[in-house]
Amino acid sequence: MRLDQRLIADMIEPGTRVLDVGSGDGALIDHLFRLRGCDARGIEIDMREVTRSVAHGLPVVHGDADHDLAHYPDDAFDYVVLQRTLQAVERPREVLRQMLRIGRHAIVSFPNFGHWQLRLKLLLSGRMPMTAVWHTQWYETPNIHPCTIRDFLALCTEEGYCVQQWMAVDEEGERAPWRRSIRLANLFGEQALFLLRRKGDCPPDHKIKG
Amino acid sequence: MNSTAPLDVGEHQHASFPDGLDLECGVHLAPLDVAYRTYGQLSTRRDNAIVICHAFTGDQYVADAHPQTGKPGWWVRMVGPGRPIDTNRFFVICMNVLGGCMGSTGPRSLKPACAEGKVERWGTDFPPITIRDMVRAQYKMVRSLGIERLFAVVGGSMGGMQVLEWAVTYPHMMLAAMPIATSPYHSAQNIAFNEVGRQAIFADPDWYGGRYWEHNVVPARGLAVARMMAHITYLSEEALTRKFGRRVRRDPKDAQAPEASLAMFGDVFEVESYLRYQGSAFVQRFDANSYLTITRAMDWFDLAAEHDGELPAAFAGTPVRFCVVSFSSDWLFPTSSARYLVRALNQAAANVSFVEIETDKGHDSFLLDEPDFDRTVRGFLCGVADHAGLA
């Protein structure tokens, strides 16, 4: 299991119902079931990964974030997880809405387009930046909706979501040190990880400023 | 035209229930016979039983030789020691469906309360049955074996319809359900194909209004045509092309006269001769009235009908773990109907897995060599067993 998946697993209470959207090889749901006693299920777009997961006894369905979340009932899950995928969906805002409709919490990770290397490359070369994280040419990339950590926070504010927890994560998935300042995290964090709750589910004095 | 005794059923292992069964149509059918085969050992806790539901023209001989044709069981690839449905671990039960012709009560059976000495068969008088009636007969049989809860119910095509009906009718009777290459309702296209088959049987002069046995014949031509047509729907265009292409048949007796292959009729193309063989082999083992009864049961199948067309309501609160499987080249029960089922299960917040197996072999893929499918069946069952703490 990747290190950032361990960070995600640590956000999830044992014994809860979890839907992992884009479950890949199923490592996270396997971990949540075996070590945390969760009722963990997956949705995956790549049929080979689905077959591999089901052949390992994991409850995974073929589907994708844009089209299949709408079919689940309200409050079906305690957590809905979307790992490194938000930038690749057709309608990120709608996907987030669906996640927080069917789940009480949403856990979202995405690569941060505000990272200093990207800013510098765009500034100096005038071309779409390419890095270890953003490594596909603009005309081939599935990442059609890149955003920065501050962009994401602005969307959460607009939608009224409560940011219960956030952290910057480096490419290896280790928690990065920029936990006080959003601006520093937005400059130095390669990825971001957010734990969201619905509008109205926030503690009264809770506020994070972008 | 067929000199073999058309109604020789032979002896099949079966259980008899003198109290019979109340059918959905209102008729009380008694006595009820259920023919079955079992494989493996029932555990002392009676928690390792798997029911396999056979497809339309299948039977209970899932993993041992068919007594009439001598051919190996229809799913020996899948069921047996060390196979994906491992009989070293699981106790497997397969029953001939109600309305069938391999030992369970059906149109071939004798009517009850005949006048003394007068042997009367049901024939076309056999009451209309439904997929649910079939499942309720199986339930009776399973309970008579002292089994309170099944580990799983597995089946493809019409067998998959029975799996879904099991899950809806007896959700607390099973841990897992594996509906394969199936649909929660029979589509207009499915019904249309069935109707062509039925009309072929009716059009056979040997049909005799369904009482063909009184004339010591069977409507073999009509039944064979029905089978030929249905068989096309079980294959994909790619599979037919791969197997036969446009190849012309070279019969040894025509060797001296190759121009004979330009005949208007007869077995000109290999695909034609293949279908004729399929048709003629079928009439040796299947009863025309069973064909009619079972196709009708399939046509009536619509799980959502009792819930005002709302399929998710049929699965509301289900504790069953589902694994839905479709095959990419199956156009009889296409992936779209599997996806419709999966979405309804999601809407009911059921625990569901869903895979579409990539293959060019069409609807019959579930009976053929598909390693990904084998892995899926084995893995899903093992996963459920782990989950349930099954030894």
# chains A, B, ... in the order shown; residues from 1 in each chain; ligands from 1
$ select_by_dssp --residues "region 173-308 of chain B" --states "strand (DSSP E)" --output "list in words"
Met174, Leu175, Ala176, Ala177, Met178, Pro179 and Ile180 of chain B
$ closest_atom_pairs --of "chain A" --to "chain B" --cutoff "10 Å" --atoms "only C-alpha atoms" --output "CSV"
residue,atom,partner,partner_atom,distance
A:Phe33,CA,B:His387,CA,9.2
A:Arg34,CA,B:His387,CA,9.4
A:Asp39,CA,B:Asn351,CA,8.8
A:Ala40,CA,B:Asn351,CA,9.3
A:Arg41,CA,B:Asn351,CA,7.6
A:Gly42,CA,B:Ser353,CA,8.5
A:Ile43,CA,B:Ser353,CA,9.0
A:Met47,CA,B:Val355,CA,7.0
A:Arg48,CA,B:Val355,CA,9.0
A:Glu49,CA,B:Val355,CA,9.8
A:Val50,CA,B:Val355,CA,6.5
A:Thr51,CA,B:Val355,CA,6.0
A:Arg52,CA,B:Thr376,CA,7.8
A:Ser53,CA,B:Gly379,CA,8.6
A:Val54,CA,B:Phe380,CA,5.9
A:Ala55,CA,B:Gly379,CA,3.8
A:His56,CA,B:Gly379,CA,5.0
A:Gly57,CA,B:Gly383,CA,3.7
A:Leu58,CA,B:Gly383,CA,6.5
A:Pro59,CA,B:Ser353,CA,4.7
A:Val60,CA,B:Ser353,CA,4.6
A:Val61,CA,B:Phe354,CA,4.3
A:His62,CA,B:Phe354,CA,5.8
A:Gly63,CA,B:Phe354,CA,9.0
A:Asp68,CA,B:Arg343,CA,7.7
A:Leu69,CA,B:Asn346,CA,9.0
A:Ala70,CA,B:Gln347,CA,8.8
A:His71,CA,B:Gln347,CA,5.4
A:Tyr72,CA,B:Gln347,CA,4.5
A:Pro73,CA,B:Gln347,CA,5.4
A:Asp74,CA,B:Gln347,CA,9.2
A:Asp75,CA,B:Ala349,CA,9.6
A:Ala76,CA,B:Ala349,CA,6.2
A:Phe77,CA,B:Ala349,CA,8.9
$ write_last_selection --atoms "N, CA, C and O atoms" --output "short mmCIF file (atom, residue, chain, number, x, y, z; two decimals), in the first residue's frame"
data_model
loop_
_atom_site.label_atom_id
_atom_site.label_comp_id
_atom_site.auth_asym_id
_atom_site.auth_seq_id
_atom_site.Cartn_x
_atom_site.Cartn_y
_atom_site.Cartn_z
N PHE A 33 -10.60 -3.53 5.28
CA PHE A 33 -11.39 -4.69 5.69
C PHE A 33 -10.62 -5.53 6.71
O PHE A 33 -11.13 -5.87 7.77
N ARG A 34 -9.36 -5.85 6.36
CA ARG A 34 -8.63 -6.81 7.19
C ARG A 34 -8.16 -6.22 8.52
O ARG A 34 -8.20 -6.89 9.54
N ASP A 39 -16.53 -2.16 6.33
CA ASP A 39 -17.24 -2.68 5.17
C ASP A 39 -16.77 -1.80 4.00
O ASP A 39 -17.35 -0.76 3.72
N ALA A 40 -15.68 -2.21 3.36
CA ALA A 40 -15.03 -1.36 2.35
C ALA A 40 -15.27 -1.92 0.96
O ALA A 40 -15.07 -3.10 0.71
N ARG A 41 -15.73 -1.05 0.06
CA ARG A 41 -16.02 -1.45 -1.31
C ARG A 41 -15.33 -0.52 -2.29
O ARG A 41 -14.92 0.58 -1.92
N GLY A 42 -15.24 -0.96 -3.53
CA GLY A 42 -14.53 -0.14 -4.51
C GLY A 42 -15.28 0.04 -5.81
O GLY A 42 -16.14 -0.77 -6.17
N ILE A 43 -14.96 1.17 -6.49
CA ILE A 43 -15.37 1.37 -7.88
C ILE A 43 -14.09 1.59 -8.65
O ILE A 43 -13.21 2.34 -8.21
N MET A 47 -10.99 -2.33 -16.17
CA MET A 47 -11.58 -3.65 -15.97
C MET A 47 -10.57 -4.69 -15.50
O MET A 47 -10.90 -5.59 -14.74
N ARG A 48 -9.29 -4.56 -15.94
CA ARG A 48 -8.30 -5.55 -15.49
C ARG A 48 -8.10 -5.46 -13.98
O ARG A 48 -7.96 -6.47 -13.30
N GLU A 49 -8.10 -4.22 -13.47
CA GLU A 49 -7.96 -4.04 -12.02
C GLU A 49 -9.18 -4.57 -11.29
O GLU A 49 -9.07 -5.14 -10.21
N VAL A 50 -10.37 -4.36 -11.89
CA VAL A 50 -11.61 -4.85 -11.27
C VAL A 50 -11.54 -6.37 -11.15
O VAL A 50 -11.79 -6.94 -10.08
N THR A 51 -11.21 -7.03 -12.26
CA THR A 51 -11.17 -8.49 -12.27
C THR A 51 -10.15 -8.99 -11.24
O THR A 51 -10.41 -9.92 -10.48
N ARG A 52 -8.98 -8.32 -11.21
CA ARG A 52 -7.96 -8.73 -10.25
C ARG A 52 -8.47 -8.56 -8.82
O ARG A 52 -8.29 -9.44 -7.98
N SER A 53 -9.15 -7.45 -8.54
CA SER A 53 -9.65 -7.21 -7.19
C SER A 53 -10.71 -8.25 -6.80
O SER A 53 -10.66 -8.82 -5.71
N VAL A 54 -11.67 -8.49 -7.71
CA VAL A 54 -12.74 -9.45 -7.39
C VAL A 54 -12.14 -10.84 -7.22
O VAL A 54 -12.53 -11.60 -6.33
N ALA A 55 -11.15 -11.15 -8.05
CA ALA A 55 -10.48 -12.46 -7.91
C ALA A 55 -9.73 -12.57 -6.60
O ALA A 55 -9.39 -13.66 -6.17
N HIS A 56 -9.46 -11.44 -5.95
CA HIS A 56 -8.88 -11.47 -4.61
C HIS A 56 -9.95 -11.40 -3.53
O HIS A 56 -9.64 -11.22 -2.36
N GLY A 57 -11.21 -11.53 -3.96
CA GLY A 57 -12.29 -11.57 -2.98
C GLY A 57 -12.77 -10.21 -2.51
O GLY A 57 -13.49 -10.12 -1.53
N LEU A 58 -12.37 -9.14 -3.22
CA LEU A 58 -12.78 -7.80 -2.80
C LEU A 58 -14.03 -7.35 -3.54
O LEU A 58 -14.17 -7.61 -4.73
N PRO A 59 -14.94 -6.65 -2.84
CA PRO A 59 -16.17 -6.19 -3.50
C PRO A 59 -15.92 -4.93 -4.33
O PRO A 59 -15.93 -3.82 -3.80
N VAL A 60 -15.68 -5.11 -5.62
CA VAL A 60 -15.38 -3.98 -6.50
C VAL A 60 -16.31 -4.06 -7.71
O VAL A 60 -16.54 -5.14 -8.26
N VAL A 61 -16.84 -2.90 -8.11
CA VAL A 61 -17.66 -2.86 -9.32
C VAL A 61 -16.95 -2.02 -10.38
O VAL A 61 -16.18 -1.12 -10.06
N HIS A 62 -17.23 -2.36 -11.62
CA HIS A 62 -16.70 -1.56 -12.71
C HIS A 62 -17.55 -0.31 -12.84
O HIS A 62 -18.77 -0.39 -12.89
N GLY A 63 -16.90 0.84 -12.87
CA GLY A 63 -17.65 2.08 -12.98
C GLY A 63 -16.71 3.26 -12.83
O GLY A 63 -15.49 3.08 -12.71
N ASP A 68 -21.28 6.87 -11.96
CA ASP A 68 -21.86 5.82 -11.14
C ASP A 68 -22.20 6.23 -9.71
O ASP A 68 -22.94 5.53 -9.05
N LEU A 69 -21.68 7.37 -9.24
CA LEU A 69 -21.98 7.76 -7.85
C LEU A 69 -23.45 8.14 -7.69
O LEU A 69 -24.05 7.93 -6.64
N ALA A 70 -24.03 8.67 -8.76
CA ALA A 70 -25.42 9.13 -8.69
C ALA A 70 -26.39 8.00 -8.37
O ALA A 70 -27.52 8.26 -7.93
N HIS A 71 -25.96 6.73 -8.57
CA HIS A 71 -26.89 5.62 -8.35
C HIS A 71 -26.93 5.12 -6.92
O HIS A 71 -27.72 4.25 -6.59
N TYR A 72 -26.04 5.67 -6.06
CA TYR A 72 -26.06 5.24 -4.66
C TYR A 72 -27.04 6.11 -3.88
O TYR A 72 -27.22 7.28 -4.18
N PRO A 73 -27.65 5.53 -2.84
CA PRO A 73 -28.59 6.33 -2.02
C PRO A 73 -27.85 7.29 -1.09
O PRO A 73 -26.65 7.12 -0.84
N ASP A 74 -28.55 8.27 -0.57
CA ASP A 74 -27.99 9.21 0.40
C ASP A 74 -27.46 8.42 1.61
O ASP A 74 -28.05 7.41 2.01
N ASP A 75 -26.37 8.90 2.19
CA ASP A 75 -25.85 8.34 3.44
C ASP A 75 -25.54 6.85 3.38
O ASP A 75 -25.64 6.15 4.37
N ALA A 76 -25.19 6.35 2.20
CA ALA A 76 -24.89 4.92 2.09
C ALA A 76 -23.57 4.57 2.76
O ALA A 76 -23.35 3.43 3.15
N PHE A 77 -22.68 5.58 2.90
CA PHE A 77 -21.34 5.31 3.43
C PHE A 77 -20.97 6.35 4.49
O PHE A 77 -21.50 7.45 4.53
#
$ closest_residue --among "B:Ser365, B:Met298, B:Asp19, B:Asp287" --to "Val325 (chain B)" --atoms "only C-alpha atoms"
B:Ser365
$ select_by_dssp --residues "region 37-159 of chain A" --states "alpha helix (DSSP H)" --output "PyMOL selection string"
chain A and resi 47-55+65-68+92-102+116-125+149-159
$ atom_distance --atom1 "CA of Val76 (chain B)" --atom2 "CA of Asp64 (chain B)"
7.4 Å
$ residues_around --residues "Ile191 (chain B)" --least-positions-apart "2" --cutoff "10 Å" --atoms "only C-alpha atoms" --output "PyMOL selection string"
chain B and resi 186-189+193-197+295-296+298-300
$ write_last_selection --atoms "N, CA and C atoms" --output "PDB file, in the first residue's frame"
ATOM      1  N   HIS B 186     -36.689 -10.328 -18.723  1.00  0.00           N
ATOM      2  CA  HIS B 186     -36.528 -10.818 -20.087  1.00  0.00           C
ATOM      3  C   HIS B 186     -36.929  -9.690 -21.033  1.00  0.00           C
ATOM      4  N   SER B 187     -36.043  -9.317 -21.939  1.00  0.00           N
ATOM      5  CA  SER B 187     -36.309  -8.170 -22.811  1.00  0.00           C
ATOM      6  C   SER B 187     -37.251  -8.559 -23.951  1.00  0.00           C
ATOM      7  N   ALA B 188     -37.770  -7.550 -24.636  1.00  0.00           N
ATOM      8  CA  ALA B 188     -38.639  -7.798 -25.796  1.00  0.00           C
ATOM      9  C   ALA B 188     -37.907  -8.647 -26.829  1.00  0.00           C
ATOM     10  N   GLN B 189     -36.619  -8.388 -27.001  1.00  0.00           N
ATOM     11  CA  GLN B 189     -35.855  -9.175 -27.969  1.00  0.00           C
ATOM     12  C   GLN B 189     -35.748 -10.637 -27.518  1.00  0.00           C
ATOM     13  N   PHE B 193     -37.243 -13.898 -29.628  1.00  0.00           N
ATOM     14  CA  PHE B 193     -36.520 -15.114 -30.032  1.00  0.00           C
ATOM     15  C   PHE B 193     -37.241 -16.361 -29.515  1.00  0.00           C
ATOM     16  N   ASN B 194     -37.695 -16.307 -28.266  1.00  0.00           N
ATOM     17  CA  ASN B 194     -38.417 -17.460 -27.720  1.00  0.00           C
ATOM     18  C   ASN B 194     -39.662 -17.767 -28.541  1.00  0.00           C
ATOM     19  N   GLU B 195     -40.347 -16.718 -28.976  1.00  0.00           N
ATOM     20  CA  GLU B 195     -41.586 -16.922 -29.720  1.00  0.00           C
ATOM     21  C   GLU B 195     -41.310 -17.603 -31.068  1.00  0.00           C
ATOM     22  N   VAL B 196     -40.232 -17.236 -31.724  1.00  0.00           N
ATOM     23  CA  VAL B 196     -39.880 -17.907 -32.982  1.00  0.00           C
ATOM     24  C   VAL B 196     -39.670 -19.402 -32.733  1.00  0.00           C
ATOM     25  N   GLY B 197     -38.988 -19.720 -31.649  1.00  0.00           N
ATOM     26  CA  GLY B 197     -38.770 -21.130 -31.312  1.00  0.00           C
ATOM     27  C   GLY B 197     -40.073 -21.862 -31.080  1.00  0.00           C
ATOM     28  N   THR B 295     -39.587 -21.693 -21.734  1.00  0.00           N
ATOM     29  CA  THR B 295     -39.413 -20.397 -22.403  1.00  0.00           C
ATOM     30  C   THR B 295     -40.461 -19.406 -21.897  1.00  0.00           C
ATOM     31  N   ARG B 296     -41.661 -19.889 -21.631  1.00  0.00           N
ATOM     32  CA  ARG B 296     -42.699 -19.000 -21.109  1.00  0.00           C
ATOM     33  C   ARG B 296     -42.338 -18.472 -19.729  1.00  0.00           C
ATOM     34  N   MET B 298     -39.402 -17.968 -18.587  1.00  0.00           N
ATOM     35  CA  MET B 298     -38.385 -16.922 -18.772  1.00  0.00           C
ATOM     36  C   MET B 298     -39.033 -15.613 -19.214  1.00  0.00           C
ATOM     37  N   ASP B 299     -39.982 -15.731 -20.164  1.00  0.00           N
ATOM     38  CA  ASP B 299     -40.619 -14.519 -20.694  1.00  0.00           C
ATOM     39  C   ASP B 299     -41.313 -13.717 -19.589  1.00  0.00           C
ATOM     40  N   TRP B 300     -41.900 -14.440 -18.635  1.00  0.00           N
ATOM     41  CA  TRP B 300     -42.615 -13.748 -17.551  1.00  0.00           C
ATOM     42  C   TRP B 300     -41.663 -13.110 -16.552  1.00  0.00           C
TER      43      TRP B 300
END
$ residues_around --residues "Met128 (chain A)" --least-positions-apart "2" --cutoff "8 Å" --atoms "only C-alpha atoms" --output "ChimeraX atom specification"
/A:121-122,126,130,137-138
$ closest_residue --among "A:Arg127, A:Ala88, A:Arg179, A:Arg97" --to "Glu140 (chain A)" --atoms "only C-alpha atoms"
A:Ala88
